[in-house]
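Peer 1: Next up, start.cif (mmCIF, C-alpha atoms and all ligand atoms).
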```cif
data_upload
#
loop_
_atom_site.label_atom_id
_atom_site.label_comp_id
_atom_site.auth_asym_id
_atom_site.auth_seq_id
_atom_site.Cartn_x
_atom_site.Cartn_y
_atom_site.Cartn_z
CA MET A 1 -20.29 -11.44 13.08
CA LYS A 2 -16.76 -11.22 14.44
CA ALA A 3 -15.04 -7.88 13.92
CA TYR A 4 -11.61 -6.73 15.12
CA THR A 5 -12.32 -3.40 16.76
CA TYR A 6 -10.41 -0.29 17.83
CA VAL A 7 -11.68 -0.18 21.42
CA ALA A 8 -9.31 2.48 22.77
CA PRO A 9 -5.78 3.70 22.04
CA GLY A 10 -3.52 0.69 22.53
CA ARG A 11 -6.42 -1.78 22.48
CA PHE A 12 -7.96 -3.80 19.64
CA GLU A 13 -10.44 -6.60 20.46
CA LEU A 14 -12.34 -9.22 18.49
CA LEU A 15 -15.98 -8.32 19.20
CA ASP A 16 -19.37 -9.62 18.15
CA LYS A 17 -21.15 -7.00 16.02
CA PRO A 18 -24.24 -6.94 13.77
CA GLU A 19 -23.53 -7.58 10.09
CA PRO A 20 -23.31 -4.33 8.08
CA ARG A 21 -26.28 -3.22 5.95
CA LEU A 22 -26.56 -1.08 2.86
CA GLN A 23 -26.85 2.58 3.87
CA GLY A 24 -27.12 4.16 0.41
CA PRO A 25 -27.81 3.21 -3.21
CA ARG A 26 -24.10 3.26 -4.12
CA ASP A 27 -23.06 0.87 -1.28
CA ALA A 28 -22.18 -2.80 -1.53
CA ILE A 29 -21.82 -5.46 1.15
CA VAL A 30 -18.80 -7.72 0.68
CA ARG A 31 -18.21 -11.04 2.45
CA ILE A 32 -14.50 -11.02 3.26
CA THR A 33 -12.63 -14.13 2.11
CA LEU A 34 -9.09 -12.92 2.91
CA GLY A 35 -7.63 -9.90 4.70
CA SER A 36 -4.31 -8.61 5.93
CA ILE A 37 -2.70 -6.28 8.46
CA CYS A 38 -1.05 -3.03 7.36
CA THR A 39 1.43 -0.86 9.22
CA SER A 40 -1.29 1.83 9.22
CA ASP A 41 -3.39 -0.47 11.42
CA LEU A 42 -0.54 -0.42 13.95
CA HIS A 43 -0.53 3.39 13.78
CA ILE A 44 -4.24 3.39 14.69
CA LYS A 45 -3.61 0.95 17.52
CA HIS A 46 -0.97 3.24 18.97
CA GLY A 47 -3.26 6.25 18.78
CA SER A 48 -1.16 8.06 16.14
CA VAL A 49 -4.01 8.41 13.60
CA PRO A 50 -6.12 11.26 15.05
CA ARG A 51 -8.89 10.72 12.47
CA ALA A 52 -9.42 7.11 13.57
CA VAL A 53 -12.72 6.65 15.36
CA THR A 54 -12.93 4.40 18.42
CA GLY A 55 -15.43 1.57 18.04
CA ILE A 56 -14.79 1.07 14.33
CA THR A 57 -13.79 -2.26 12.84
CA VAL A 58 -10.20 -1.96 11.61
CA GLY A 59 -8.60 -3.37 8.45
CA HIS A 60 -8.38 -1.96 4.93
CA GLU A 61 -6.59 -4.70 2.95
CA MET A 62 -9.04 -7.34 1.85
CA VAL A 63 -10.69 -9.29 -0.94
CA GLY A 64 -14.08 -10.95 -0.89
CA VAL A 65 -17.33 -11.78 -2.63
CA VAL A 66 -20.10 -9.24 -3.25
CA GLU A 67 -23.18 -10.21 -1.22
CA GLN A 68 -25.50 -7.35 -1.97
CA THR A 69 -25.46 -4.07 -3.91
CA GLY A 70 -27.45 -0.82 -3.79
CA ASP A 71 -29.68 0.21 -6.72
CA ASP A 72 -27.06 2.59 -8.20
CA VAL A 73 -24.17 0.09 -8.26
CA HIS A 74 -23.51 -1.06 -11.82
CA THR A 75 -19.97 -2.43 -12.22
CA VAL A 76 -20.17 -5.30 -9.71
CA HIS A 77 -22.92 -7.76 -8.86
CA ALA A 78 -23.74 -10.27 -6.12
CA GLY A 79 -21.43 -13.26 -6.43
CA ASP A 80 -18.51 -11.35 -7.99
CA ARG A 81 -15.08 -11.88 -6.43
CA VAL A 82 -13.60 -8.42 -5.81
CA THR A 83 -10.66 -6.45 -4.46
CA VAL A 84 -11.56 -3.65 -2.05
CA ASN A 85 -9.82 -0.30 -2.47
CA VAL A 86 -8.35 1.32 0.65
CA GLU A 87 -9.61 4.68 -0.64
CA THR A 88 -13.22 5.73 -0.88
CA PHE A 89 -13.86 8.12 -3.75
CA CYS A 90 -16.89 9.48 -5.53
CA GLY A 91 -15.50 9.43 -9.07
CA GLU A 92 -17.15 12.76 -9.88
CA CYS A 93 -15.50 15.66 -8.03
CA PHE A 94 -12.71 17.90 -9.40
CA PHE A 95 -9.95 15.66 -8.00
CA CYS A 96 -11.55 12.32 -8.90
CA ARG A 97 -12.06 13.38 -12.53
CA ARG A 98 -8.31 14.03 -12.75
CA GLY A 99 -7.34 10.73 -11.12
CA PHE A 100 -6.33 12.44 -7.84
CA VAL A 101 -8.72 10.23 -5.90
CA ASN A 102 -6.76 10.53 -2.65
CA ASN A 103 -8.13 14.06 -2.38
CA CYS A 104 -11.75 13.25 -3.22
CA THR A 105 -13.84 15.97 -1.59
CA ASP A 106 -16.67 13.63 -0.54
CA PRO A 107 -17.11 13.48 3.27
CA ASP A 108 -16.26 9.76 3.07
CA GLY A 109 -13.41 10.43 0.61
CA GLY A 110 -9.86 9.21 1.19
CA TRP A 111 -8.84 6.57 3.69
CA ALA A 112 -12.15 5.93 5.46
CA LEU A 113 -12.41 2.12 5.60
CA GLY A 114 -11.01 0.76 8.83
CA CYS A 115 -10.25 4.30 10.02
CA ARG A 116 -13.40 6.44 10.07
CA ILE A 117 -15.93 3.76 8.99
CA ASP A 118 -15.97 0.02 9.66
CA GLY A 119 -13.25 -1.90 7.80
CA GLY A 120 -12.47 -5.44 6.82
CA GLN A 121 -10.82 -7.41 9.62
CA ALA A 122 -14.25 -8.96 9.99
CA GLU A 123 -16.62 -11.31 8.19
CA TYR A 124 -18.42 -8.59 6.19
CA VAL A 125 -17.77 -4.98 5.21
CA ARG A 126 -19.92 -2.19 3.74
CA VAL A 127 -18.15 -0.41 0.89
CA PRO A 128 -19.44 3.08 -0.11
CA TYR A 129 -19.16 4.08 -3.79
CA ALA A 130 -18.83 0.42 -4.70
CA ASP A 131 -18.46 1.18 -8.43
CA GLN A 132 -15.19 2.95 -7.62
CA GLY A 133 -14.04 0.93 -4.61
CA LEU A 134 -14.46 -2.61 -5.93
CA ASP A 135 -12.76 -4.33 -8.87
CA ARG A 136 -13.61 -7.78 -10.19
CA ILE A 137 -10.88 -10.39 -9.71
CA PRO A 138 -10.25 -12.46 -12.87
CA ASP A 139 -11.18 -16.15 -12.44
CA THR A 140 -7.56 -17.27 -12.85
CA VAL A 141 -6.30 -14.94 -10.06
CA SER A 142 -6.43 -16.31 -6.50
CA ASP A 143 -7.39 -14.39 -3.37
CA GLU A 144 -3.75 -14.47 -2.24
CA GLN A 145 -2.59 -13.05 -5.58
CA ALA A 146 -5.13 -10.23 -5.34
CA LEU A 147 -4.84 -9.50 -1.61
CA PHE A 148 -2.62 -6.39 -1.82
CA VAL A 149 -4.15 -4.81 -4.94
CA GLY A 150 -6.26 -2.24 -3.10
CA ASP A 151 -3.58 -0.86 -0.78
CA ILE A 152 0.17 -1.53 -0.80
CA LEU A 153 0.27 -2.74 -4.40
CA ALA A 154 -1.82 0.24 -5.51
CA THR A 155 0.73 2.39 -3.67
CA GLY A 156 3.71 0.75 -5.36
CA PHE A 157 2.07 0.99 -8.77
CA TRP A 158 1.21 4.67 -8.30
CA ALA A 159 4.71 5.49 -6.98
CA ALA A 160 6.36 3.84 -9.99
CA ARG A 161 3.89 5.52 -12.37
CA ILE A 162 4.57 9.08 -11.16
CA SER A 163 8.37 8.67 -10.91
CA GLU A 164 8.91 9.21 -14.66
CA ILE A 165 11.13 6.13 -15.02
CA GLY A 166 12.60 5.66 -18.47
CA ALA A 167 14.16 2.60 -20.07
CA GLY A 168 17.87 2.74 -19.28
CA ASP A 169 17.41 4.57 -15.98
CA THR A 170 18.90 3.65 -12.63
CA VAL A 171 16.22 3.61 -9.94
CA LEU A 172 16.93 3.69 -6.22
CA ILE A 173 14.25 2.33 -3.86
CA ILE A 174 14.81 3.09 -0.19
CA GLY A 175 13.12 0.53 2.07
CA ALA A 176 12.18 -3.09 1.38
CA GLY A 177 9.26 -3.49 3.73
CA PRO A 178 5.95 -4.73 2.28
CA THR A 179 5.24 -1.48 0.41
CA GLY A 180 8.86 -1.22 -0.77
CA LEU A 181 8.65 -4.76 -2.17
CA CYS A 182 5.41 -3.93 -4.02
CA THR A 183 7.07 -0.75 -5.31
CA LEU A 184 10.03 -2.80 -6.51
CA GLN A 185 7.81 -5.12 -8.58
CA CYS A 186 6.04 -2.14 -10.14
CA VAL A 187 9.29 -0.27 -10.88
CA LEU A 188 10.53 -3.34 -12.79
CA LEU A 189 7.49 -3.03 -15.12
CA HIS A 190 9.07 0.20 -16.44
CA ASN A 191 12.24 -1.63 -17.65
CA PRO A 192 14.93 0.43 -15.91
CA ALA A 193 18.53 -0.58 -16.62
CA ARG A 194 19.37 -0.94 -12.92
CA VAL A 195 17.43 -1.08 -9.68
CA ILE A 196 19.19 -0.52 -6.37
CA VAL A 197 17.33 -1.34 -3.15
CA CYS A 198 18.53 0.16 0.13
CA GLU A 199 17.45 -1.88 3.16
CA ALA A 200 18.72 -1.93 6.75
CA SER A 201 17.52 -5.39 7.80
CA PRO A 202 19.85 -8.18 6.60
CA ARG A 203 16.90 -10.58 6.56
CA ARG A 204 14.83 -8.32 4.31
CA ALA A 205 17.88 -7.62 2.12
CA GLN A 206 18.22 -11.38 1.63
CA PHE A 207 14.48 -11.59 0.82
CA VAL A 208 14.98 -9.02 -1.98
CA ARG A 209 17.96 -10.94 -3.39
CA GLU A 210 15.89 -14.14 -3.54
CA LEU A 211 12.78 -12.43 -4.94
CA CYS A 212 14.62 -10.39 -7.61
CA PRO A 213 18.16 -11.67 -8.25
CA SER A 214 18.83 -8.90 -10.80
CA VAL A 215 18.39 -6.15 -8.20
CA GLU A 216 21.37 -4.63 -6.36
CA VAL A 217 20.92 -4.47 -2.57
CA VAL A 218 22.83 -2.07 -0.34
CA ALA A 219 22.78 -1.17 3.37
CA PRO A 220 21.84 2.43 4.34
CA GLU A 221 25.32 3.27 5.61
CA ASP A 222 26.84 2.30 2.23
CA CYS A 223 24.06 3.64 0.01
CA ALA A 224 25.25 7.18 -0.81
CA ARG A 225 28.80 6.04 -1.50
CA TYR A 226 27.64 3.10 -3.65
CA VAL A 227 25.25 5.22 -5.70
CA ARG A 228 27.85 7.93 -6.33
CA ALA A 229 30.48 5.34 -7.29
CA THR A 230 28.30 3.35 -9.68
CA CYS A 231 25.96 5.93 -11.26
CA GLU A 232 27.70 7.82 -14.03
CA ARG A 233 25.44 10.88 -13.76
CA GLY A 234 26.23 11.44 -10.09
CA GLY A 235 23.22 9.68 -8.64
CA ALA A 236 20.08 7.72 -9.38
CA ASP A 237 17.76 8.93 -12.16
CA ALA A 238 14.74 8.34 -9.91
CA VAL A 239 14.58 7.79 -6.17
CA LEU A 240 11.57 6.29 -4.41
CA GLU A 241 11.64 6.75 -0.63
CA VAL A 242 9.48 4.05 0.96
CA ALA A 243 11.26 3.67 4.31
CA GLY A 244 10.13 6.61 6.42
CA GLY A 245 13.12 6.38 8.74
CA ALA A 246 14.85 9.18 10.62
CA ASP A 247 17.47 9.81 7.91
CA THR A 248 15.90 8.31 4.81
CA PHE A 249 14.42 11.52 3.38
CA ARG A 250 17.87 13.10 3.41
CA LEU A 251 19.36 9.94 1.90
CA ALA A 252 16.75 10.08 -0.89
CA TRP A 253 17.62 13.53 -2.21
CA GLU A 254 21.35 13.06 -1.60
CA CYS A 255 21.36 9.95 -3.80
CA ALA A 256 19.40 11.60 -6.63
CA ARG A 257 21.27 12.93 -9.66
CA PRO A 258 20.62 16.52 -10.71
CA ASN A 259 17.16 17.01 -12.29
CA ALA A 260 15.95 13.66 -10.89
CA VAL A 261 12.48 12.89 -9.58
CA VAL A 262 12.33 12.00 -5.87
CA THR A 263 9.05 10.31 -4.98
CA VAL A 264 8.26 10.26 -1.27
CA VAL A 265 5.88 7.40 -0.55
CA ALA A 266 6.85 7.09 3.11
CA LEU A 267 4.77 8.37 6.00
CA TYR A 268 6.98 9.99 8.65
CA ASP A 269 6.44 10.21 12.39
CA THR A 270 8.16 13.62 12.52
CA PRO A 271 8.53 16.68 10.24
CA GLN A 272 11.36 16.45 7.71
CA ILE A 273 13.84 19.15 6.80
CA LEU A 274 14.16 20.32 3.21
CA PRO A 275 17.56 22.10 3.26
CA LEU A 276 17.15 24.11 0.09
CA PRO A 277 20.59 25.85 0.32
CA ASP A 278 22.29 22.41 0.33
CA MET A 279 20.45 21.27 -2.78
CA TYR A 280 20.49 24.58 -4.67
CA GLY A 281 21.28 24.02 -8.31
CA LYS A 282 20.43 20.33 -8.16
CA ASN A 283 16.99 21.17 -9.58
CA LEU A 284 15.16 18.20 -8.15
CA THR A 285 11.47 17.42 -8.51
CA PHE A 286 9.77 16.09 -5.37
CA LYS A 287 6.50 14.15 -5.53
CA THR A 288 4.75 13.20 -2.32
CA GLY A 289 2.17 10.62 -1.15
CA GLY A 290 -0.45 9.36 -0.49
CA VAL A 291 -1.55 7.01 -3.14
CA ASP A 292 -4.13 7.78 -5.79
CA GLY A 293 -5.45 4.23 -5.80
CA CYS A 294 -7.37 4.17 -9.07
CA ASP A 295 -5.30 1.68 -11.09
CA CYS A 296 -6.62 -1.52 -9.51
CA ALA A 297 -8.18 -2.93 -12.69
CA GLU A 298 -4.87 -2.51 -14.54
CA ILE A 299 -2.94 -4.09 -11.64
CA LEU A 300 -5.30 -7.09 -11.71
CA ARG A 301 -4.68 -7.50 -15.46
CA LEU A 302 -0.90 -7.47 -14.82
CA ILE A 303 -1.30 -10.13 -12.12
CA GLU A 304 -3.42 -12.22 -14.49
CA ARG A 305 -0.66 -12.02 -17.11
CA GLY A 306 2.01 -13.02 -14.57
CA ARG A 307 3.76 -9.63 -14.60
CA ILE A 308 3.23 -8.98 -10.87
CA ASP A 309 3.28 -11.64 -8.14
CA THR A 310 3.16 -10.53 -4.52
CA THR A 311 2.27 -13.95 -3.05
CA PRO A 312 5.85 -14.45 -1.73
CA LEU A 313 5.15 -11.52 0.63
CA ILE A 314 2.55 -13.63 2.47
CA THR A 315 4.79 -15.36 4.98
CA HIS A 316 2.18 -16.28 7.63
CA ARG A 317 -1.51 -17.26 7.63
CA TYR A 318 -4.07 -17.04 10.45
CA ALA A 319 -7.77 -17.54 11.10
CA LEU A 320 -9.73 -14.42 12.12
CA ASP A 321 -10.11 -15.97 15.59
CA ASP A 322 -6.32 -15.75 15.99
CA ILE A 323 -5.91 -12.20 14.67
CA GLY A 324 -4.49 -10.99 18.01
CA GLU A 325 -1.55 -13.35 17.55
CA ALA A 326 -1.21 -12.25 13.92
CA TYR A 327 -0.89 -8.62 15.08
CA ARG A 328 1.68 -9.59 17.70
CA LEU A 329 3.83 -11.36 15.11
CA PHE A 330 3.46 -8.62 12.45
CA GLU A 331 4.38 -5.91 14.92
CA SER A 332 7.35 -7.81 16.38
CA ARG A 333 8.72 -8.59 12.88
CA GLU A 334 9.70 -12.00 14.30
CA ASP A 335 10.15 -15.14 12.23
CA GLY A 336 10.93 -13.23 9.01
CA VAL A 337 7.34 -12.00 8.71
CA ILE A 338 6.61 -9.72 5.75
CA LYS A 339 2.79 -9.91 5.54
CA VAL A 340 0.12 -12.04 7.19
CA ALA A 341 -3.08 -13.30 5.59
CA ILE A 342 -6.22 -13.48 7.75
CA ARG A 343 -9.04 -15.85 6.78
CA PRO A 344 -12.46 -15.19 8.38
ZN ZN B 401 -2.54 0.20 4.44
ZN ZN B 402 -14.38 12.55 -5.58
#
```
How would this structure read if it were set down as structure tokens?
Peer 2:
Amino acid sequence: MKAYTYVAPGRFELLDKPEPRLQGPRDAIVRITLGSICTSDLHIKHGSVPRAVTGITVGHEMVGVVEQTGDDVHTVHAGDRVTVNVETFCGECFFCRRGFVNNCTDPDGGWALGCRIDGGQAEYVRVPYADQGLDRIPDTVSDEQALFVGDILATGFWAARISEIGAGDTVLIIGAGPTGLCTLQCVLLHNPARVIVCEASPRRAQFVRELCPSVEVVAPEDCARYVRATCERGGADAVLEVAGGADTFRLAWECARPNAVVTVVALYDTPQILPLPDMYGKNLTFKTGGVDGCDCAEILRLIERGRIDTTPLITHRYALDDIGEAYRLFESREDGVIKVAIRP
């Protein structure tokens, strides 16, 4: 089969590889019907993910059809359409039992697919702990509707869930990239009074205005002033930092009102400074990533009921044969690209 492979830092290539086989009783083999490219894939390509293993097939955002299951897989069966979770987790350890699946202590736990074991920018993928990692897609939900459930939509849903958003709150989301847009849709499920999105790119700001006309959009240089002027309690009630820029962590806590929750979803390239003397007395609560991706079944139900729709994020579509061009476009951010869909 064809598999897009991390050959060496800076180099991905579409190679011919054997189809994956079951390696344990809790594995499943999934035939990929649609995949995507994530910013994390670019981080692997540039050698900035030390855990990434050369020779592996990349890709961790995909949906497909179960081909084969091990003897101890019970929740999915051959022929089922499924989402694939970015995180591998056992479901049984201390952390898994508390829903903190990102810190599963299994050797394969955490982000393994497309990083430490073969992923899904290919025709087939082996998924360990298939009972945890796969969720059945309802018949009325398309592959495109379900494509982001296992990764960026799981992230947005988790970020909104832990941010303690109440009805009547003002929520600030920093960053309207793909994960920021998923976060926005999930924040809206909590019925805040106002949502402010801070985004540097005029094109992405316009995208937010068209996707969610009720949302207020502000540029980073105006954000702190705007929030202070329009929030009666001195800042936003909850701030979700999804940008990961040089100054966005500082912007996040500066724009929070006293006693607010600041949820840091972003992954930074450099250490961030937490200037405690400057924020003394503000009594903030910080919550940090990465995602505990164990809400996929609930997300699929919300998609089925029309409460979440991330299909507008898919701006470009490619065949697996043309995945090199898809990467070039996604990385260049040309042509208004938000997300690409890859069909094997
Ligand atoms: Zn990802
Ligand atoms: Zn576990």
Peer 1: Quick one: everything within 8 Å of segment 57-70 of chain A, counting only C-alpha atoms, minus sequence neighbours fewer than 5 positions away in the same chain. Send it as an MDAnalysis selection string.
Peer 2: chainID A and resid 3:6 22 24:38 41 76:86 113:115 117:122 143 146:148 150:151
Peer 1: Got a sec: who's within 8 Å of Val265 of chain A, counting all atoms listed in the file, leaving out chain neighbours fewer than 2 positions off, as a list in words?
Peer 2: Thr155, Ala159, Leu240, Glu241, Val242, Thr263, Leu267, Thr288, Gly289, Gly290 and Val291 of chain A
Peer 1: When distances are computed from all atoms listed in the file, which of A:Thr140, A:Ser163, A:Gln132, A:Ser48 shows the smallest separation from ligand ZN 402 (chain B)?
Peer 2: A:Gln132
Peer 1: List as a VMD selection string the residues having at least one atom at most 7 Å from position (15.5, 3.5, -20.4) as given in the file, counting all atoms listed in the file.
Peer 2: chain A and resid 166 to 169 191 to 193
Peer 1: When you look at Val227 of chain A with a cut-off of 10 Å (counting only C-alpha atoms), what residues show up, excluding the ones that are within fewer than 3 positions of it in the same chain? I need them as a short mmCIF file (atom, residue, chain, number, x, y, z; two decimals) with C-alpha atoms, in the coordinates of the input.
Peer 2:
```
data_model
loop_
_atom_site.label_atom_id
_atom_site.label_comp_id
_atom_site.auth_asym_id
_atom_site.auth_seq_id
_atom_site.Cartn_x
_atom_site.Cartn_y
_atom_site.Cartn_z
CA THR A 170 18.90 3.65 -12.63
CA LEU A 172 16.93 3.69 -6.22
CA ILE A 196 19.19 -0.52 -6.37
CA VAL A 218 22.83 -2.07 -0.34
CA ASP A 222 26.84 2.30 2.23
CA CYS A 223 24.06 3.64 0.01
CA ALA A 224 25.25 7.18 -0.81
CA THR A 230 28.30 3.35 -9.68
CA CYS A 231 25.96 5.93 -11.26
CA GLU A 232 27.70 7.82 -14.03
CA ARG A 233 25.44 10.88 -13.76
CA GLY A 234 26.23 11.44 -10.09
CA GLY A 235 23.22 9.68 -8.64
CA ALA A 236 20.08 7.72 -9.38
CA GLU A 254 21.35 13.06 -1.60
CA CYS A 255 21.36 9.95 -3.80
CA ALA A 256 19.40 11.60 -6.63
CA ARG A 257 21.27 12.93 -9.66
#
```
Peer 1: Distance atom CA of Gln145 of chain A-atom CA of Ile314 of chain A, one decimal place?
Peer 2: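 Those two atoms sit 9.6 Å apart.
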Peer 1: As an exercise, work out the distance from atom CA of Pro128 of chain A to atom CA of Phe157 of chain A in Å and give it to one decimal place.
Peer 2: 23.3 Å
Peer 1: With all atoms listed in the file counted, collect every polymer residue having an atom within 6 Å of ligand ZN 402 (chain B); state the result as an NGL selection string.
Peer 2: :A and (89-93 or 95-96 or 104-106)
Peer 1: Provide the atom CA of Val340 of chain A to atom CA of Gly10 of chain A distance in Å, to one decimal place.
Peer 2: 20.3 Å
Peer 1: Within 12 Å of Arg301 of chain A, counting all atoms listed in the file, which residues show up once you throw out same-chain ones fewer than 3 positions away? Write them as a PDB file with C-alpha atoms, in the coordinates of the input, please.
Peer 2:
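Dumped to around-v7.pdb:
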```pdb
ATOM      1  CA  ASP A 135     -12.760  -4.330  -8.870  1.00  0.00           C
ATOM      2  CA  ARG A 136     -13.610  -7.780 -10.190  1.00  0.00           C
ATOM      3  CA  ILE A 137     -10.880 -10.390  -9.710  1.00  0.00           C
ATOM      4  CA  PRO A 138     -10.250 -12.460 -12.870  1.00  0.00           C
ATOM      5  CA  ASP A 139     -11.180 -16.150 -12.440  1.00  0.00           C
ATOM      6  CA  THR A 140      -7.560 -17.270 -12.850  1.00  0.00           C
ATOM      7  CA  VAL A 141      -6.300 -14.940 -10.060  1.00  0.00           C
ATOM      8  CA  GLN A 145      -2.590 -13.050  -5.580  1.00  0.00           C
ATOM      9  CA  ALA A 146      -5.130 -10.230  -5.340  1.00  0.00           C
ATOM     10  CA  VAL A 149      -4.150  -4.810  -4.940  1.00  0.00           C
ATOM     11  CA  ASP A 295      -5.300   1.680 -11.090  1.00  0.00           C
ATOM     12  CA  CYS A 296      -6.620  -1.520  -9.510  1.00  0.00           C
ATOM     13  CA  ALA A 297      -8.180  -2.930 -12.690  1.00  0.00           C
ATOM     14  CA  GLU A 298      -4.870  -2.510 -14.540  1.00  0.00           C
ATOM     15  CA  GLU A 304      -3.420 -12.220 -14.490  1.00  0.00           C
ATOM     16  CA  ARG A 305      -0.660 -12.020 -17.110  1.00  0.00           C
ATOM     17  CA  GLY A 306       2.010 -13.020 -14.570  1.00  0.00           C
ATOM     18  CA  ARG A 307       3.760  -9.630 -14.600  1.00  0.00           C
ATOM     19  CA  ILE A 308       3.230  -8.980 -10.870  1.00  0.00           C
ATOM     20  CA  ASP A 309       3.280 -11.640  -8.140  1.00  0.00           C
TER      21      ASP A 309
END
```
Peer 1: When you count only C-alpha atoms and all ligand atoms, which of these residues is closest to ligand ZN 401 (chain B): A:Ala205, A:Leu188, A:Ala219, A:Ala266?
Peer 2: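 Comparing A:Ala205, A:Leu188, A:Ala219, A:Ala266 against ligand ZN 401 (chain B), the winner is A:Ala266.
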Peer 1: Counting all atoms listed in the file, which of A:His43, A:Arg98, A:Arg328, A:Arg209 gets nearest to ligand ZN 401 (chain B)?
Peer 2: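 Closest to ligand ZN 401 (chain B), using all atoms listed in the file: A:His43.
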Peer 1: Name the closest residue to Gly324 of chain A among the candidates A:Ala52, A:Ile342, A:Met1, A:Ile162; distances are taken between atoms, counting all atoms listed in the file.
Peer 2: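 For Gly324 of chain A, the nearest of the given residues is A:Ile342.
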Peer 1: Can you pull out the residues contacting Asp247 of chain A? Cut-off 10 Å, using all atoms listed in the file, and skip same-chain residues under 4 positions away; I want them as an mmCIF file with C-alpha atoms, in the frame of the given file.
Peer 2:
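Writing the result to part_22.cif gives the following:
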```cif
data_model
loop_
_atom_site.group_PDB
_atom_site.id
_atom_site.type_symbol
_atom_site.label_atom_id
_atom_site.label_comp_id
_atom_site.auth_asym_id
_atom_site.auth_seq_id
_atom_site.Cartn_x
_atom_site.Cartn_y
_atom_site.Cartn_z
ATOM 1 C CA PRO A 220 21.840 2.430 4.340
ATOM 2 C CA ALA A 243 11.260 3.670 4.310
ATOM 3 C CA LEU A 251 19.360 9.940 1.900
ATOM 4 C CA ALA A 252 16.750 10.080 -0.890
ATOM 5 C CA GLN A 272 11.360 16.450 7.710
#
```
Peer 1: Nearest to ligand ZN 401 (chain B): which of A:Val53, A:Met279, A:Ala176, A:Ala154 is it, counting only C-alpha atoms and all ligand atoms?
Peer 2: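 For ligand ZN 401 (chain B), the nearest of the candidates is A:Ala154.
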Peer 1: Here's a test: counting all atoms listed in the file, identify every protein, DNA and RNA residue with an atom at most 9 Å from (19.2, -4.7, 4.1) in the file's coordinate frame, and state them as a PyMOL selection string.
Peer 2: chain A and resi 175-176+197-208+217-220
Peer 1: Of the residues A:Gln23, A:Ser40, A:Thr75, A:Asn102, which is the one nearest to ligand ZN 401 (chain B), using all atoms listed in the file?
Peer 2: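 Checking each of A:Gln23, A:Ser40, A:Thr75, A:Asn102 against ligand ZN 401 (chain B), counting all atoms listed in the file, the winner is A:Ser40.
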